[in-house]
Amino acid sequence: MSVSTFKSGIVLQTHKHATEGKPVEGVPLPKQVVIPINQHFGAPNRVMVTVGDTVKRGQKIADALKPGPLTVPVHASVTGVVKKIEPHTQANNTEGLCVIIESDSSAAQERDTDFMPPLDAFTVSREEALTRIREAGIVGMGGAGFPSHVKLSPPPHKLIDTIIANGAECEPYLTTDEAVIAENPHLMLRGLAIVMHITGVTKAIIGIEDNKAALIPLIERELRIGAYKGDIRVGLCKTRYPQGCEKMLITALTGRVVPAGGLPMDTGCIVQNVGSLVAIAEAFNLGKPLIDRGLTVAGGACKTPKNIRAPLGTLLTDLPPEFMTVDNSSLKKILFGGPMMGTAVPHLSVPIQKNTSGIILMTAAETASDAESPCIRCGRCLRNCACHLAPVIMKDNLEAGDLDGAVKAGLLDCMECGACTFMCPARIKLVQRFRLGKQKVRIRAAAKNTRP
């Protein structure tokens, strides 16, 4: 099987050895969950329960007042009693409103649920199928958190001919997607078949990096015995960062390039994370909303590296010691997500969310804390940018207060993958500058009531 890739990018130490090949272990029922009511793009949700209410696992507890195209509901991940509704630190380092549920310790958690009735995705209308995906609260589980039902309903003039299942998992340390494919190839392919049916697409590619080539026989066996319709194949990609980003994966697997300012659908492709596909299959087969997720717990300061599955809203401090034991003497940084695109959080009292792909407990040796020095104009950021942008020019324009110049140099097309920052010998925090620059562009556009 040939191995494809994209131009530029960087080769990283994968640091996956501690958890690769390990199964996903279910976390025991936590005493409480702290569930952020907004885990999506779009209009904010409103709380649908009050303190003192008894809620069931799978029950909707928050949704937009007027469900818009980018909104998705949030559901109770345990059966129990609503104890508080108050702000709490979230993975994005903001204080967001959360529903705090004290779980019922009885053994009836899996029986006492409020799941939707099962639904045959292949006999209902496209609108009913998309509604089910939205009502299940499914978003991209690779980290972005974009609502899945929106991805699966492109405008009529955008002709889609290829669905890509994203199992590349290019971030160091993370192995949860690999574990999901290894343990649930049938559910992953079932979700892929549903997506193909909804969109009317007959071609699909399952993209994985070549360090996960051992998964190919599992997938191909399931394809044979499952008798799936359409042209479904595995696309093997070179292990290279950021191969798992949508734009790079599309280029590697199809040769197409997402245009500047464009989206995957502009190339005729829709990309869905493999975990999201499993969630879609469960939403139809079981009527189960997105209330649990798999993630990797790893890093040099983690004494128990493994892949786990936990109810959404589980606090890191409530994970049992066999699922996360921290070496506090060496702990330097706590990351939600991978080390390249993840977010550092101030403490462990932060809940697991829909887009939490991993918890990385890093030592000082694993983090870069060098002071910045002046740019030496070496051009490494240009050579290694997977989007072929001009990071140094973007930086210069932002420092000069020239937002238009930064946008012209590609600011809004930056994926914030961190490759430029990683390669910078001056240790300039380029991605941090670009995030702040994008925020300024959005604020300016909002003041003018225009799109950035």
# chains A, B, ... in the order shown; residues from 1 in each chain; ligands from 1
>>> closest_atom_pairs(of="region 5-52 of chain A", to="region 312-323 of chain A", cutoff="6 Å", atoms="only C-alpha atoms", output="Markdown table")
| residue | atom | partner | partner_atom | distance |
| --- | --- | --- | --- | --- |
| A:Val33 | CA | A:Gly313 | CA | 4.5 |
| A:Val34 | CA | A:Gly313 | CA | 4.4 |
| A:Ile35 | CA | A:Gly313 | CA | 4.4 |
>>> residues_around(residues="region 163-172 of chain A", least_positions_apart="3", cutoff="8 Å", atoms="only C-alpha atoms", output="PyMOL selection string")
chain A and resi 12-16+160+175+177-178+181+192+195-196+201+203-209+237+239-244+246+249-250+269-274+277+338-340
>>> residues_around(residues="region 77-92 of chain A", least_positions_apart="4", cutoff="8 Å", atoms="only C-alpha atoms", output="ChimeraX atom specification")
/A:33,36,49-58,96-104,109,112-113,291-292,311-313,336,343,345,349-353
>>> closest_residue(among="A:Ala76, A:Ala447, A:Leu430, A:Ile308", to="Val47 (chain A)", atoms="only C-alpha atoms")
A:Ala76
>>> select_by_dssp(residues="region 85-296 of chain A", states="alpha helix (DSSP H)", output="PyMOL selection string")
chain A and resi 126-135+148-151+176-183+185-199+216-226+246-254+274-285
>>> residues_around(residues="Glu372 (chain A)", least_positions_apart="3", cutoff="7 Å", atoms="only C-alpha atoms", output="list in words")
Ala426, Arg427 and Ile428 of chain A
>>> write_last_selection(atoms="N, CA and C atoms", output="PDB file, in the first residue's frame")
ATOM      1  N   ALA A 426      14.282  31.279  17.925  1.00  0.00           N
ATOM      2  CA  ALA A 426      14.191  32.414  18.844  1.00  0.00           C
ATOM      3  C   ALA A 426      13.113  32.206  19.906  1.00  0.00           C
ATOM      4  N   ARG A 427      12.415  31.063  19.836  1.00  0.00           N
ATOM      5  CA  ARG A 427      11.360  30.703  20.799  1.00  0.00           C
ATOM      6  C   ARG A 427      10.250  31.759  20.864  1.00  0.00           C
ATOM      7  N   ILE A 428       9.959  32.368  19.720  1.00  0.00           N
ATOM      8  CA  ILE A 428       8.886  33.365  19.676  1.00  0.00           C
ATOM      9  C   ILE A 428       7.540  32.653  19.697  1.00  0.00           C
TER      10      ILE A 428
END
>>> atom_distance(atom1="CA of Pro156 (chain A)", atom2="CA of Asn38 (chain A)")
29.0 Å
>>> select_by_dssp(residues="region 185-306 of chain A", states="strand (DSSP E or B)", output="PDB file with N, CA and C atoms, in the first residue's frame")
ATOM      1  N   LYS A 203     -18.212   7.247  -1.996  1.00  0.00           N
ATOM      2  CA  LYS A 203     -16.776   7.008  -1.839  1.00  0.00           C
ATOM      3  C   LYS A 203     -16.311   7.516  -0.482  1.00  0.00           C
ATOM      4  N   ALA A 204     -15.513   6.699   0.211  1.00  0.00           N
ATOM      5  CA  ALA A 204     -14.984   7.098   1.516  1.00  0.00           C
ATOM      6  C   ALA A 204     -13.569   6.580   1.688  1.00  0.00           C
ATOM      7  N   ILE A 205     -12.756   7.355   2.401  1.00  0.00           N
ATOM      8  CA  ILE A 205     -11.377   6.981   2.698  1.00  0.00           C
ATOM      9  C   ILE A 205     -11.169   7.087   4.202  1.00  0.00           C
ATOM     10  N   ILE A 206     -10.607   6.037   4.789  1.00  0.00           N
ATOM     11  CA  ILE A 206     -10.272   6.045   6.217  1.00  0.00           C
ATOM     12  C   ILE A 206      -8.792   6.384   6.317  1.00  0.00           C
ATOM     13  N   GLY A 207      -8.480   7.593   6.752  1.00  0.00           N
ATOM     14  CA  GLY A 207      -7.108   8.064   6.789  1.00  0.00           C
ATOM     15  C   GLY A 207      -6.423   7.758   8.108  1.00  0.00           C
ATOM     16  N   ILE A 208      -5.319   7.021   8.042  1.00  0.00           N
ATOM     17  CA  ILE A 208      -4.509   6.754   9.237  1.00  0.00           C
ATOM     18  C   ILE A 208      -3.036   6.956   8.882  1.00  0.00           C
ATOM     19  N   GLU A 209      -2.237   7.292   9.880  1.00  0.00           N
ATOM     20  CA  GLU A 209      -0.801   7.428   9.662  1.00  0.00           C
ATOM     21  C   GLU A 209      -0.145   6.054   9.662  1.00  0.00           C
ATOM     22  N   ASP A 231     -17.653   2.565  -2.194  1.00  0.00           N
ATOM     23  CA  ASP A 231     -16.207   2.396  -2.315  1.00  0.00           C
ATOM     24  C   ASP A 231     -15.556   2.926  -1.041  1.00  0.00           C
ATOM     25  N   ILE A 232     -15.220   2.024  -0.138  1.00  0.00           N
ATOM     26  CA  ILE A 232     -14.584   2.404   1.126  1.00  0.00           C
ATOM     27  C   ILE A 232     -13.200   1.767   1.164  1.00  0.00           C
ATOM     28  N   ARG A 233     -12.188   2.579   1.384  1.00  0.00           N
ATOM     29  CA  ARG A 233     -10.830   2.035   1.445  1.00  0.00           C
ATOM     30  C   ARG A 233     -10.029   2.750   2.534  1.00  0.00           C
ATOM     31  N   VAL A 234      -8.894   2.164   2.883  1.00  0.00           N
ATOM     32  CA  VAL A 234      -7.976   2.766   3.842  1.00  0.00           C
ATOM     33  C   VAL A 234      -6.932   3.567   3.089  1.00  0.00           C
ATOM     34  N   GLY A 235      -6.670   4.783   3.547  1.00  0.00           N
ATOM     35  CA  GLY A 235      -5.618   5.612   2.973  1.00  0.00           C
ATOM     36  C   GLY A 235      -4.497   5.766   3.984  1.00  0.00           C
ATOM     37  N   LEU A 236      -3.319   5.254   3.659  1.00  0.00           N
ATOM     38  CA  LEU A 236      -2.189   5.291   4.586  1.00  0.00           C
ATOM     39  C   LEU A 236      -1.364   6.553   4.331  1.00  0.00           C
ATOM     40  N   CYS A 237      -1.136   7.312   5.402  1.00  0.00           N
ATOM     41  CA  CYS A 237      -0.403   8.574   5.300  1.00  0.00           C
ATOM     42  C   CYS A 237       0.904   8.495   6.081  1.00  0.00           C
ATOM     43  N   TYR A 241       3.532  15.700  11.204  1.00  0.00           N
ATOM     44  CA  TYR A 241       2.644  16.683  11.818  1.00  0.00           C
ATOM     45  C   TYR A 241       2.510  17.903  10.898  1.00  0.00           C
ATOM     46  N   CYS A 269     -15.056  17.428  -0.221  1.00  0.00           N
ATOM     47  CA  CYS A 269     -14.803  16.474   0.868  1.00  0.00           C
ATOM     48  C   CYS A 269     -15.487  16.891   2.163  1.00  0.00           C
ATOM     49  N   ILE A 270     -15.879  15.894   2.951  1.00  0.00           N
ATOM     50  CA  ILE A 270     -16.319  16.084   4.335  1.00  0.00           C
ATOM     51  C   ILE A 270     -15.444  15.190   5.195  1.00  0.00           C
ATOM     52  N   VAL A 271     -14.894  15.753   6.273  1.00  0.00           N
ATOM     53  CA  VAL A 271     -14.002  15.006   7.155  1.00  0.00           C
ATOM     54  C   VAL A 271     -14.670  14.844   8.515  1.00  0.00           C
ATOM     55  N   GLN A 272     -14.703  13.603   9.004  1.00  0.00           N
ATOM     56  CA  GLN A 272     -15.260  13.321  10.326  1.00  0.00           C
ATOM     57  C   GLN A 272     -14.266  12.492  11.134  1.00  0.00           C
ATOM     58  N   ASN A 273     -14.050  12.890  12.376  1.00  0.00           N
ATOM     59  CA  ASN A 273     -13.189  12.122  13.267  1.00  0.00           C
ATOM     60  C   ASN A 273     -13.783  10.740  13.527  1.00  0.00           C
ATOM     61  N   ASP A 292     -20.327  10.232  26.926  1.00  0.00           N
ATOM     62  CA  ASP A 292     -19.054   9.660  27.355  1.00  0.00           C
ATOM     63  C   ASP A 292     -18.043   9.923  26.254  1.00  0.00           C
ATOM     64  N   ARG A 293     -16.781   9.886  26.600  1.00  0.00           N
ATOM     65  CA  ARG A 293     -15.788   9.957  25.539  1.00  0.00           C
ATOM     66  C   ARG A 293     -14.490   9.276  25.973  1.00  0.00           C
ATOM     67  N   GLY A 294     -13.772   8.771  24.974  1.00  0.00           N
ATOM     68  CA  GLY A 294     -12.471   8.198  25.222  1.00  0.00           C
ATOM     69  C   GLY A 294     -11.397   9.266  25.121  1.00  0.00           C
ATOM     70  N   LEU A 295     -10.366   9.126  25.912  1.00  0.00           N
ATOM     71  CA  LEU A 295      -9.250  10.063  25.885  1.00  0.00           C
ATOM     72  C   LEU A 295      -7.986   9.382  26.387  1.00  0.00           C
ATOM     73  N   THR A 296      -6.861   9.972  26.075  1.00  0.00           N
ATOM     74  CA  THR A 296      -5.567   9.459  26.518  1.00  0.00           C
ATOM     75  C   THR A 296      -5.104  10.255  27.725  1.00  0.00           C
ATOM     76  N   VAL A 297      -4.645   9.564  28.743  1.00  0.00           N
ATOM     77  CA  VAL A 297      -4.019  10.195  29.908  1.00  0.00           C
ATOM     78  C   VAL A 297      -2.556   9.781  29.887  1.00  0.00           C
ATOM     79  N   ALA A 298      -1.661  10.747  29.735  1.00  0.00           N
ATOM     80  CA  ALA A 298      -0.255  10.409  29.560  1.00  0.00           C
ATOM     81  C   ALA A 298       0.617  11.584  29.971  1.00  0.00           C
ATOM     82  N   CYS A 302       2.734  11.614  34.559  1.00  0.00           N
ATOM     83  CA  CYS A 302       1.612  10.692  34.778  1.00  0.00           C
ATOM     84  C   CYS A 302       2.177   9.308  35.073  1.00  0.00           C
ATOM     85  N   LYS A 306      -2.620   5.679  30.150  1.00  0.00           N
ATOM     86  CA  LYS A 306      -3.566   4.727  29.568  1.00  0.00           C
ATOM     87  C   LYS A 306      -4.625   5.463  28.770  1.00  0.00           C
TER      88      LYS A 306
END
>>> residues_around(residues="region 257-263 of chain A", least_positions_apart="6", cutoff="12 Å", atoms="only C-alpha atoms", output="number ranges by chain")
A: 6-7, 151, 154, 158, 160, 245-251, 269-271, 386-389, 407-415, 451-452
>>> write_last_selection(atoms="N, CA and C atoms", output="tab-separated table (two decimals), in the first residue's frame")
chain	number	residue	atom	x	y	z
A	6	PHE	N	1.55	15.36	2.67
A	6	PHE	CA	1.42	16.72	2.17
A	6	PHE	C	2.81	17.37	2.21
A	7	LYS	N	2.93	18.54	1.64
A	7	LYS	CA	4.21	19.23	1.64
A	7	LYS	C	4.39	20.03	2.93
A	151	LYS	N	-21.67	19.89	9.44
A	151	LYS	CA	-20.75	19.37	8.42
A	151	LYS	C	-21.47	18.51	7.39
A	154	PRO	N	-23.99	20.38	3.81
A	154	PRO	CA	-23.40	21.49	3.05
A	154	PRO	C	-24.44	22.12	2.13
A	158	LYS	N	-22.49	22.98	-3.15
A	158	LYS	CA	-21.23	22.35	-2.80
A	158	LYS	C	-21.37	20.84	-3.02
A	160	ILE	N	-20.39	17.22	-2.88
A	160	ILE	CA	-19.49	16.38	-2.10
A	160	ILE	C	-19.39	15.00	-2.76
A	245	CYS	N	-4.80	17.36	10.60
A	245	CYS	CA	-5.63	18.53	10.31
A	245	CYS	C	-6.39	18.29	9.01
A	246	GLU	N	-7.62	18.74	8.95
A	246	GLU	CA	-8.47	18.45	7.80
A	246	GLU	C	-7.82	18.80	6.47
A	247	LYS	N	-7.26	19.99	6.38
A	247	LYS	CA	-6.70	20.44	5.11
A	247	LYS	C	-5.56	19.54	4.65
A	248	MET	N	-4.70	19.14	5.59
A	248	MET	CA	-3.55	18.31	5.24
A	248	MET	C	-3.99	16.91	4.85
A	249	LEU	N	-4.97	16.38	5.59
A	249	LEU	CA	-5.45	15.03	5.30
A	249	LEU	C	-6.12	14.96	3.94
A	250	ILE	N	-6.88	15.99	3.60
A	250	ILE	CA	-7.53	16.03	2.28
A	250	ILE	C	-6.47	16.04	1.17
A	251	THR	N	-5.45	16.84	1.34
A	251	THR	CA	-4.39	16.91	0.33
A	251	THR	C	-3.66	15.58	0.20
A	269	CYS	N	-15.06	17.43	-0.22
A	269	CYS	CA	-14.80	16.47	0.87
A	269	CYS	C	-15.49	16.89	2.16
A	270	ILE	N	-15.88	15.89	2.95
A	270	ILE	CA	-16.32	16.08	4.34
A	270	ILE	C	-15.44	15.19	5.19
A	271	VAL	N	-14.89	15.75	6.27
A	271	VAL	CA	-14.00	15.01	7.16
A	271	VAL	C	-14.67	14.84	8.52
A	386	ALA	N	2.58	24.15	7.14
A	386	ALA	CA	1.82	23.21	6.30
A	386	ALA	C	0.83	23.93	5.40
A	387	CYS	N	0.42	25.13	5.78
A	387	CYS	CA	-0.54	25.90	4.97
A	387	CYS	C	0.16	26.86	4.01
A	388	HIS	N	1.50	26.83	4.01
A	388	HIS	CA	2.29	27.67	3.11
A	388	HIS	C	1.99	29.15	3.31
A	389	LEU	N	1.91	29.54	4.58
A	389	LEU	CA	1.69	30.94	4.93
A	389	LEU	C	3.04	31.60	5.23
A	407	VAL	N	-3.70	39.82	7.77
A	407	VAL	CA	-4.72	39.02	7.09
A	407	VAL	C	-4.25	38.69	5.67
A	408	LYS	N	-3.65	39.67	5.01
A	408	LYS	CA	-3.15	39.45	3.64
A	408	LYS	C	-2.06	38.38	3.63
A	409	ALA	N	-1.28	38.30	4.71
A	409	ALA	CA	-0.20	37.31	4.81
A	409	ALA	C	-0.71	35.93	5.20
A	410	GLY	N	-2.03	35.83	5.53
A	410	GLY	CA	-2.62	34.52	5.78
A	410	GLY	C	-3.11	34.27	7.18
A	411	LEU	N	-3.26	35.33	7.98
A	411	LEU	CA	-3.65	35.15	9.39
A	411	LEU	C	-4.88	34.27	9.56
A	412	LEU	N	-5.94	34.54	8.79
A	412	LEU	CA	-7.19	33.83	8.98
A	412	LEU	C	-7.16	32.40	8.45
A	413	ASP	N	-6.13	32.07	7.66
A	413	ASP	CA	-5.98	30.70	7.17
A	413	ASP	C	-5.10	29.86	8.09
A	414	CYS	N	-4.51	30.48	9.10
A	414	CYS	CA	-3.65	29.76	10.05
A	414	CYS	C	-4.48	28.76	10.84
A	415	MET	N	-3.99	27.51	10.93
A	415	MET	CA	-4.69	26.46	11.68
A	415	MET	C	-4.26	26.40	13.14
A	451	ARG	N	-18.28	40.35	8.08
A	451	ARG	CA	-17.51	39.12	8.27
A	451	ARG	C	-16.04	39.45	8.23
A	452	PRO	N	-15.18	38.75	9.05
A	452	PRO	CA	-13.74	39.02	8.99
A	452	PRO	C	-13.14	38.57	7.67
>>> residues_around(residues="Val124 (chain A)", least_positions_apart="6", cutoff="12 Å", atoms="only C-alpha atoms", output="NGL selection string")
:A and (118 or 130-132 or 194 or 197-198 or 284)
>>> write_last_selection(atoms="C-alpha atoms", output="mmCIF file, in the first residue's frame")
data_model
loop_
_atom_site.group_PDB
_atom_site.id
_atom_site.type_symbol
_atom_site.label_atom_id
_atom_site.label_comp_id
_atom_site.auth_asym_id
_atom_site.auth_seq_id
_atom_site.Cartn_x
_atom_site.Cartn_y
_atom_site.Cartn_z
ATOM 1 C CA PRO A 118 -33.249 3.665 18.274
ATOM 2 C CA LEU A 130 -29.582 15.118 10.679
ATOM 3 C CA THR A 131 -31.988 16.013 13.475
ATOM 4 C CA ARG A 132 -31.017 12.836 15.338
ATOM 5 C CA ILE A 194 -24.611 6.388 7.946
ATOM 6 C CA HIS A 197 -26.087 7.554 3.246
ATOM 7 C CA ILE A 198 -27.063 10.970 4.627
ATOM 8 C CA PHE A 284 -28.909 5.652 15.875
#
>>> residues_around(residues="region 364-367 of chain A", least_positions_apart="3", cutoff="10 Å", atoms="only C-alpha atoms", output="list of chain:residue names")
A:Gly299, A:Gly300, A:Ala301, A:Ser330, A:Leu331, A:Lys332, A:Lys333, A:Pro339, A:Leu361, A:Asp370
>>> write_last_selection(atoms="C-alpha atoms", output="mmCIF file, in the first residue's frame")
data_model
loop_
_atom_site.group_PDB
_atom_site.id
_atom_site.type_symbol
_atom_site.label_atom_id
_atom_site.label_comp_id
_atom_site.auth_asym_id
_atom_site.auth_seq_id
_atom_site.Cartn_x
_atom_site.Cartn_y
_atom_site.Cartn_z
ATOM 1 C CA GLY A 299 2.873 12.530 29.958
ATOM 2 C CA GLY A 300 6.067 12.286 31.965
ATOM 3 C CA ALA A 301 4.338 13.343 35.184
ATOM 4 C CA SER A 330 7.716 16.725 38.525
ATOM 5 C CA LEU A 331 4.441 18.178 37.198
ATOM 6 C CA LYS A 332 5.113 21.371 35.256
ATOM 7 C CA LYS A 333 2.119 21.769 32.937
ATOM 8 C CA PRO A 339 1.116 19.225 23.252
ATOM 9 C CA LEU A 361 0.738 15.839 32.465
ATOM 10 C CA ASP A 370 12.750 29.474 27.118
#
